[in-house]
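Listing of my_file-v9.cif, mmCIF, C-alpha atoms
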data_input
#
loop_
_atom_site.label_atom_id
_atom_site.label_comp_id
_atom_site.auth_asym_id
_atom_site.auth_seq_id
_atom_site.Cartn_x
_atom_site.Cartn_y
_atom_site.Cartn_z
CA MET G 259 46.93 76.12 51.68
CA SER G 260 43.86 74.00 51.15
CA ARG G 261 41.15 72.80 53.47
CA ASP G 262 39.63 70.49 50.85
CA ILE G 263 41.08 67.34 52.43
CA LEU G 264 39.53 63.94 53.05
CA LYS G 265 41.61 61.94 55.52
CA SER G 266 41.30 58.59 57.24
CA ASP G 267 43.71 57.06 59.71
CA SER G 268 43.96 53.99 61.89
CA TYR G 269 46.35 52.71 64.51
CA TRP G 270 47.22 49.21 65.65
CA ARG G 271 49.57 48.50 68.56
CA HIS G 272 50.57 45.02 69.71
CA GLU G 273 52.11 44.58 73.14
CA LEU G 274 55.01 42.11 72.84
CA SER G 275 55.60 42.20 76.60
CA PRO G 276 54.81 44.67 79.38
CA ARG G 277 57.83 46.70 78.22
CA PHE G 278 57.95 46.38 74.39
CA PHE G 279 55.42 46.88 71.59
CA THR G 280 55.05 47.10 67.83
CA LEU G 281 52.80 49.43 65.88
CA TYR G 282 51.28 49.78 62.45
CA SER G 283 49.52 52.96 61.42
CA PRO G 284 48.15 53.32 57.88
CA ASN G 285 46.77 56.72 56.82
CA ILE G 286 45.18 57.83 53.58
CA GLU G 287 44.67 61.43 52.50
CA TRP G 288 43.03 62.93 49.44
CA ASP G 289 43.76 66.63 48.88
CA ARG G 290 41.80 68.08 45.99
CA ASP G 291 43.28 71.57 45.95
CA TYR G 292 46.96 71.76 46.86
CA THR G 293 49.43 74.27 45.43
CA THR G 294 53.04 73.03 45.23
CA ASP G 295 56.16 75.09 45.91
CA THR G 296 56.33 75.77 42.16
CA ASP G 297 52.76 77.22 42.15
CA MET G 298 51.24 74.21 40.39
CA GLU G 299 47.76 73.21 41.56
CA VAL G 300 47.51 69.45 42.03
CA ASP G 301 45.01 66.88 43.22
CA TYR G 302 46.76 64.05 45.10
CA LEU G 303 46.17 60.85 47.03
CA LEU G 304 48.68 59.97 49.77
CA LEU G 305 49.05 56.60 51.48
CA GLN G 306 51.33 56.75 54.53
CA GLN G 307 52.22 53.66 56.54
CA GLN G 308 54.22 53.67 59.76
CA LEU G 309 55.79 50.43 61.03
CA GLY G 310 57.59 50.68 64.34
CA VAL G 311 58.83 49.22 67.60
CA GLY G 312 59.01 50.90 70.95
CA ILE G 313 59.38 50.83 74.71
CA ASN G 314 56.76 51.55 77.38
CA LEU G 315 58.59 54.01 79.65
CA ILE G 316 55.62 54.67 81.95
CA PRO G 317 53.15 51.78 81.68
CA ARG G 318 50.74 52.76 84.50
CA GLY G 319 47.00 52.42 83.94
CA ASP G 320 46.16 56.14 84.05
CA GLN G 321 49.45 57.45 82.63
CA ARG G 322 51.43 56.05 79.72
CA LEU G 323 54.55 57.22 77.95
CA ARG G 324 55.97 55.33 74.98
CA VAL G 325 58.91 56.06 72.66
CA GLY G 326 60.15 54.21 69.62
CA VAL G 327 61.57 54.14 66.12
CA ALA G 328 59.70 53.54 62.88
CA GLU G 329 59.98 53.20 59.14
CA ASN G 330 57.50 55.33 57.20
CA LEU G 331 56.40 54.35 53.71
CA PHE G 332 54.88 57.08 51.55
CA ASP G 333 53.04 56.50 48.27
CA LEU G 334 51.91 59.68 46.53
CA TRP G 335 49.66 59.59 43.48
CA VAL G 336 49.19 62.93 41.74
CA LEU G 337 45.78 62.66 40.07
CA SER G 338 45.74 65.93 38.13
CA PRO G 339 46.82 67.89 36.18
CA ILE G 340 49.40 65.24 35.18
CA ARG G 341 49.20 61.72 36.61
CA ASP G 342 52.32 60.72 38.53
CA HIS G 343 53.37 58.32 41.29
CA THR G 344 56.15 58.80 43.82
CA ALA G 345 57.19 56.37 46.55
CA SER G 346 59.66 57.04 49.33
CA ASN G 347 60.53 55.85 52.80
CA THR G 348 61.70 57.84 55.80
CA GLU G 349 62.88 56.90 59.27
CA SER G 350 61.36 58.46 62.39
CA ILE G 351 61.40 58.55 66.14
CA PHE G 352 58.05 58.87 67.87
CA PHE G 353 56.50 59.40 71.25
CA GLU G 354 53.05 58.69 72.65
CA ALA G 355 51.72 60.13 75.90
CA GLU G 356 48.33 59.18 77.35
CA LEU G 357 46.63 60.55 80.43
CA THR G 358 43.31 59.24 81.74
CA LEU G 359 41.28 61.77 83.71
CA PRO G 360 38.13 61.35 85.80
CA TYR G 361 34.74 61.06 84.06
CA ARG G 362 36.22 58.89 81.28
CA ILE G 363 38.14 61.76 79.70
CA ALA G 364 41.44 60.98 77.97
CA VAL G 365 44.24 63.22 76.70
CA THR G 366 46.55 61.70 74.07
CA ASP G 367 49.57 63.26 72.37
CA ARG G 368 51.40 61.48 69.56
CA GLY G 369 54.30 62.95 67.63
CA SER G 370 56.78 61.77 65.00
CA LEU G 371 60.03 63.42 63.98
CA PHE G 372 61.05 62.30 60.47
CA TYR G 373 64.59 62.13 59.20
CA SER G 374 65.54 60.88 55.75
CA PHE G 375 68.96 59.25 55.56
CA GLY G 376 68.62 59.44 51.78
CA ASN G 377 68.33 63.21 51.39
CA GLY G 378 68.82 64.61 54.91
CA GLY G 379 65.31 66.07 55.01
CA THR G 380 63.39 66.42 58.26
CA GLY G 381 59.73 66.80 59.11
CA TRP G 382 57.28 66.68 61.97
CA GLU G 383 53.77 65.39 62.65
CA ASN G 384 51.84 65.80 65.88
CA GLN G 385 48.33 64.90 67.05
CA LEU G 386 46.92 66.15 70.36
CA GLU G 387 43.52 64.73 71.23
CA ILE G 388 41.03 65.16 74.06
CA SER G 389 38.21 62.61 74.09
CA LYS G 390 35.25 61.68 76.24
CA LYS G 391 34.08 58.08 76.33
CA LEU G 392 30.26 58.04 76.28
CA THR G 393 29.81 54.25 76.30
CA GLU G 394 32.18 51.28 76.12
CA THR G 395 32.31 51.60 72.33
CA LEU G 396 31.40 55.24 71.53
CA SER G 397 33.51 58.34 72.19
CA LEU G 398 33.64 61.98 71.08
CA GLY G 399 36.80 64.00 70.74
CA MET G 400 38.66 67.04 69.47
CA ARG G 401 42.02 66.66 67.76
CA HIS G 402 44.65 69.23 66.81
CA GLU G 403 46.94 68.01 64.00
CA VAL G 404 50.13 69.53 62.64
CA ARG G 405 52.22 68.34 59.69
CA LEU G 406 55.36 70.16 58.61
CA ASP G 407 57.83 69.25 55.83
CA THR G 408 57.35 65.56 55.10
CA PRO G 409 60.76 64.55 53.64
CA GLY G 410 60.94 62.99 50.20
CA ILE G 411 57.47 63.99 48.96
CA ASP G 412 55.69 67.25 48.21
CA VAL G 413 52.41 67.28 50.17
CA SER G 414 50.59 70.00 52.04
CA ASN G 415 51.73 71.23 55.43
CA TYR G 416 48.79 71.92 57.68
CA THR G 417 47.42 72.75 61.09
CA LEU G 418 43.90 71.34 61.54
CA TRP G 419 41.26 71.03 64.22
CA ARG G 420 39.01 67.97 63.91
CA PHE G 421 35.87 66.88 65.69
CA MET G 422 35.81 63.10 65.92
CA VAL G 423 33.36 60.32 66.65
CA GLY G 424 35.17 57.15 67.70
CA LEU G 425 34.22 53.49 67.80
CA ASP G 426 36.32 51.10 69.90
CA PHE G 427 36.11 47.40 69.16
#
Any chance you could give the structure as structure tokens?
Amino acid sequence: MSRDILKSDSYWRHELSPRFFTLYSPNIEWDRDYTTDTDMEVDYLLLQQQLGVGINLIPRGDQRLRVGVAENLFDLWVLSPIRDHTASNTESIFFEAELTLPYRIAVTDRGSLFYSFGNGGTGWENQLEISKKLTETLSLGMRHEVRLDTPGIDVSNYTLWRFMVGLDF
């Protein structure tokens, strides 16, 4: 298990109506020291894109609950020791829960359960975040992330804590 990971993610949600929405979430990850199941040490770059649609179950201002389905596109480039590229796609269901607390504190939980119709593999990702908005554009937060068994590609499973500085625009 490696902690030598550089990761960037973004999230875009478009409200189609008060009830329905679409989302696009591209993530990029560079792991410089990962050991595969066959004990080979590799350096990889992963691009993950999630395209989905969903329903706002609880659309209140201080509490939100959303569920939906998505298609996940994975592009994995192994950079060393042998250069290789693998691409796969996996279906998922996801949920998003948001709770706004006093003093501009927010709790957000987002999870995806992956299922591959191609090979029957399953996996799970979850992000639990607590953030404090300092100004209209600047926030600080802590995030707990879990990734387990991404189907179709061999990337690291992890449990991470992250300190984050956020810019809203």
Spell out the residues picked by the PyMOL selection byres ((chain G and resi 272) around 12) here, as an mmCIF file with C-alpha atoms, in the frame of the given file.
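Saved as result.cif:
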data_model
loop_
_atom_site.group_PDB
_atom_site.id
_atom_site.type_symbol
_atom_site.label_atom_id
_atom_site.label_comp_id
_atom_site.auth_asym_id
_atom_site.auth_seq_id
_atom_site.Cartn_x
_atom_site.Cartn_y
_atom_site.Cartn_z
ATOM 1 C CA TYR G 269 46.350 52.710 64.510
ATOM 2 C CA TRP G 270 47.220 49.210 65.650
ATOM 3 C CA ARG G 271 49.570 48.500 68.560
ATOM 4 C CA GLU G 273 52.110 44.580 73.140
ATOM 5 C CA LEU G 274 55.010 42.110 72.840
ATOM 6 C CA SER G 275 55.600 42.200 76.600
ATOM 7 C CA PRO G 276 54.810 44.670 79.380
ATOM 8 C CA ARG G 277 57.830 46.700 78.220
ATOM 9 C CA PHE G 278 57.950 46.380 74.390
ATOM 10 C CA PHE G 279 55.420 46.880 71.590
ATOM 11 C CA THR G 280 55.050 47.100 67.830
ATOM 12 C CA LEU G 281 52.800 49.430 65.880
ATOM 13 C CA TYR G 282 51.280 49.780 62.450
ATOM 14 C CA SER G 283 49.520 52.960 61.420
ATOM 15 C CA LEU G 309 55.790 50.430 61.030
ATOM 16 C CA GLY G 310 57.590 50.680 64.340
ATOM 17 C CA VAL G 311 58.830 49.220 67.600
ATOM 18 C CA GLY G 312 59.010 50.900 70.950
ATOM 19 C CA ILE G 313 59.380 50.830 74.710
ATOM 20 C CA ASN G 314 56.760 51.550 77.380
#
For the structure shown, which residues end up in the PyMOL selection byres ((chain G and resi 406) around 12)? Put them as a ChimeraX atom specification, please?
-> /G:369-372,379-384,403-405,407-409,411-418
Give me, please, the distance in Å between CA of Gln321 (chain G) and CA of Gly399 (chain G), quoted to one decimal.
->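 Between CA of Gln321 (chain G) and CA of Gly399 (chain G) the gap works out to 18.6 Å.
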Would you write out, as a PDB file with C-alpha atoms, in the frame of the given file, every residue that the PyMOL selection byres ((chain G and resi 330) around 8) captures in this file?
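part_38.pdb was written with the following content:
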ATOM      1  CA  GLN G 306      51.330  56.750  54.530  1.00  0.00           C
ATOM      2  CA  GLN G 307      52.220  53.660  56.540  1.00  0.00           C
ATOM      3  CA  GLN G 308      54.220  53.670  59.760  1.00  0.00           C
ATOM      4  CA  LEU G 309      55.790  50.430  61.030  1.00  0.00           C
ATOM      5  CA  ALA G 328      59.700  53.540  62.880  1.00  0.00           C
ATOM      6  CA  GLU G 329      59.980  53.200  59.140  1.00  0.00           C
ATOM      7  CA  LEU G 331      56.400  54.350  53.710  1.00  0.00           C
ATOM      8  CA  PHE G 332      54.880  57.080  51.550  1.00  0.00           C
ATOM      9  CA  ASN G 347      60.530  55.850  52.800  1.00  0.00           C
ATOM     10  CA  THR G 348      61.700  57.840  55.800  1.00  0.00           C
ATOM     11  CA  GLU G 349      62.880  56.900  59.270  1.00  0.00           C
ATOM     12  CA  SER G 350      61.360  58.460  62.390  1.00  0.00           C
TER      13      SER G 350
END
Give me, please, the distance in Å between CA of Leu323 (chain G) and CA of Ser389 (chain G), quoted to one decimal.
-> 17.6 Å
In Å, how far is it from CA of Leu334 (chain G) to CA of Met422 (chain G)?
->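 Calculated distance between CA of Leu334 (chain G) and CA of Met422 (chain G) is 25.4 Å.
Take the candidates G:Arg362, G:Arg324, G:Arg290, G:Arg318 and check each one against Pro339 (chain G) using all atoms listed in the file; the shortest distance goes to G:Arg290.
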Near Asp291 (chain G), counting only C-alpha atoms, which residues have an atom at most 12 Å away, once you skip same-chain residues fewer than 3 positions from it, shown as number ranges by chain?
-> G: 259-264, 288, 294, 297-303, 336-339, 413-414
When distances are computed from all atoms listed in the file, which of G:Glu354, G:Glu387, G:Asp342, G:Glu394 shows the smallest separation from Gly326 (chain G)?
-> G:Glu354
Neighbour list for Asp367 (chain G) as number ranges by chain, cut-off 6 Å, only C-alpha atoms, skip fewer than 6 positions in-chain | G: 354-355, 385-386
Nearest to Asp320 (chain G), restricted to only C-alpha atoms and choosing among G:Asn377, G:Leu357, G:Ile388, G:Asp333, comes out as G:Leu357
Centre, x/y/z edge lengths, axis-aligned box for region 365-380 of chain G with 5 Å per side, as AutoDock Vina command-line options:
--center_x 56.6 --center_y 62.8 --center_z 64.0 --size_x 34.7 --size_y 17.2 --size_z 35.3
For the point (61.5, 57.2, 70.8) in the file's frame, write as a list in words all residues with an atom no more than 7 Å away, counting all atoms listed in the file.
->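 Every polymer residue passing the test: Gly312, Val325, Gly326, Val327, Ile351, Phe352 and Phe353 of chain G.
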Residue selection dump (C-alpha atoms) as a PDB file, in the frame of the given file:
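As a result, out.pdb now contains:
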ATOM      1  CA  GLY G 312      59.010  50.900  70.950  1.00  0.00           C
ATOM      2  CA  VAL G 325      58.910  56.060  72.660  1.00  0.00           C
ATOM      3  CA  GLY G 326      60.150  54.210  69.620  1.00  0.00           C
ATOM      4  CA  VAL G 327      61.570  54.140  66.120  1.00  0.00           C
ATOM      5  CA  ILE G 351      61.400  58.550  66.140  1.00  0.00           C
ATOM      6  CA  PHE G 352      58.050  58.870  67.870  1.00  0.00           C
ATOM      7  CA  PHE G 353      56.500  59.400  71.250  1.00  0.00           C
TER       8      PHE G 353
END
N, CA and C atoms restored at region 289-322 of chain G, emitted as a tab-separated table (two decimals), in the frame of the given file:
chain	number	residue	atom	x	y	z
G	289	ASP	N	43.79	65.16	48.90
G	289	ASP	CA	43.76	66.63	48.88
G	289	ASP	C	43.42	67.06	47.46
G	290	ARG	N	42.29	67.73	47.31
G	290	ARG	CA	41.80	68.08	45.99
G	290	ARG	C	42.24	69.45	45.51
G	291	ASP	N	42.94	70.20	46.35
G	291	ASP	CA	43.28	71.57	45.95
G	291	ASP	C	44.56	72.01	46.64
G	292	TYR	N	45.68	71.43	46.25
G	292	TYR	CA	46.96	71.76	46.86
G	292	TYR	C	47.83	72.48	45.84
G	293	THR	N	48.51	73.53	46.28
G	293	THR	CA	49.43	74.27	45.43
G	293	THR	C	50.86	73.93	45.86
G	294	THR	N	51.66	73.44	44.93
G	294	THR	CA	53.04	73.03	45.23
G	294	THR	C	53.93	74.26	45.40
G	295	ASP	N	55.18	74.00	45.77
G	295	ASP	CA	56.16	75.09	45.91
G	295	ASP	C	56.41	75.82	44.60
G	296	THR	N	56.14	75.15	43.48
G	296	THR	CA	56.33	75.77	42.16
G	296	THR	C	55.03	76.36	41.61
G	297	ASP	N	54.05	76.61	42.49
G	297	ASP	CA	52.76	77.22	42.15
G	297	ASP	C	51.93	76.39	41.18
G	298	MET	N	52.08	75.08	41.20
G	298	MET	CA	51.24	74.21	40.39
G	298	MET	C	50.12	73.66	41.27
G	299	GLU	N	48.88	73.76	40.81
G	299	GLU	CA	47.76	73.21	41.56
G	299	GLU	C	47.60	71.74	41.22
G	300	VAL	N	47.60	70.89	42.24
G	300	VAL	CA	47.51	69.45	42.03
G	300	VAL	C	46.44	68.85	42.92
G	301	ASP	N	45.96	67.71	42.49
G	301	ASP	CA	45.01	66.88	43.22
G	301	ASP	C	45.77	65.59	43.52
G	302	TYR	N	45.94	65.23	44.80
G	302	TYR	CA	46.76	64.05	45.10
G	302	TYR	C	46.09	63.12	46.09
G	303	LEU	N	46.56	61.87	46.09
G	303	LEU	CA	46.17	60.85	47.03
G	303	LEU	C	47.45	60.34	47.69
G	304	LEU	N	47.49	60.38	49.02
G	304	LEU	CA	48.68	59.97	49.77
G	304	LEU	C	48.34	58.78	50.67
G	305	LEU	N	49.12	57.73	50.56
G	305	LEU	CA	49.05	56.60	51.48
G	305	LEU	C	50.33	56.61	52.30
G	306	GLN	N	50.18	56.74	53.61
G	306	GLN	CA	51.33	56.75	54.53
G	306	GLN	C	51.18	55.58	55.48
G	307	GLN	N	52.23	54.79	55.62
G	307	GLN	CA	52.22	53.66	56.54
G	307	GLN	C	53.41	53.78	57.48
G	308	GLN	N	53.15	53.61	58.77
G	308	GLN	CA	54.22	53.67	59.76
G	308	GLN	C	54.31	52.30	60.43
G	309	LEU	N	55.51	51.71	60.39
G	309	LEU	CA	55.79	50.43	61.03
G	309	LEU	C	56.88	50.66	62.06
G	310	GLY	N	56.60	50.35	63.33
G	310	GLY	CA	57.59	50.68	64.34
G	310	GLY	C	57.64	49.73	65.51
G	311	VAL	N	58.66	49.93	66.33
G	311	VAL	CA	58.83	49.22	67.60
G	311	VAL	C	59.15	50.25	68.67
G	312	GLY	N	58.76	49.93	69.90
G	312	GLY	CA	59.01	50.90	70.95
G	312	GLY	C	59.03	50.30	72.33
G	313	ILE	N	59.25	51.19	73.30
G	313	ILE	CA	59.38	50.83	74.71
G	313	ILE	C	58.33	51.60	75.50
G	314	ASN	N	57.66	50.91	76.43
G	314	ASN	CA	56.76	51.55	77.38
G	314	ASN	C	57.60	52.10	78.53
G	315	LEU	N	57.80	53.41	78.57
G	315	LEU	CA	58.59	54.01	79.65
G	315	LEU	C	57.78	54.14	80.93
G	316	ILE	N	56.54	54.57	80.81
G	316	ILE	CA	55.62	54.67	81.95
G	316	ILE	C	54.39	53.86	81.58
G	317	PRO	N	54.27	52.63	82.08
G	317	PRO	CA	53.15	51.78	81.68
G	317	PRO	C	51.98	51.74	82.67
G	318	ARG	N	51.81	52.77	83.50
G	318	ARG	CA	50.74	52.76	84.50
G	318	ARG	C	49.38	52.86	83.82
G	319	GLY	N	48.34	52.44	84.51
G	319	GLY	CA	47.00	52.42	83.94
G	319	GLY	C	46.46	53.78	83.54
G	320	ASP	N	46.71	54.81	84.36
G	320	ASP	CA	46.16	56.14	84.05
G	320	ASP	C	47.16	57.06	83.35
G	321	GLN	N	48.41	56.66	83.30
G	321	GLN	CA	49.45	57.45	82.63
G	321	GLN	C	50.34	56.51	81.83
G	322	ARG	N	50.57	56.87	80.56
G	322	ARG	CA	51.43	56.05	79.72
G	322	ARG	C	52.35	56.95	78.92
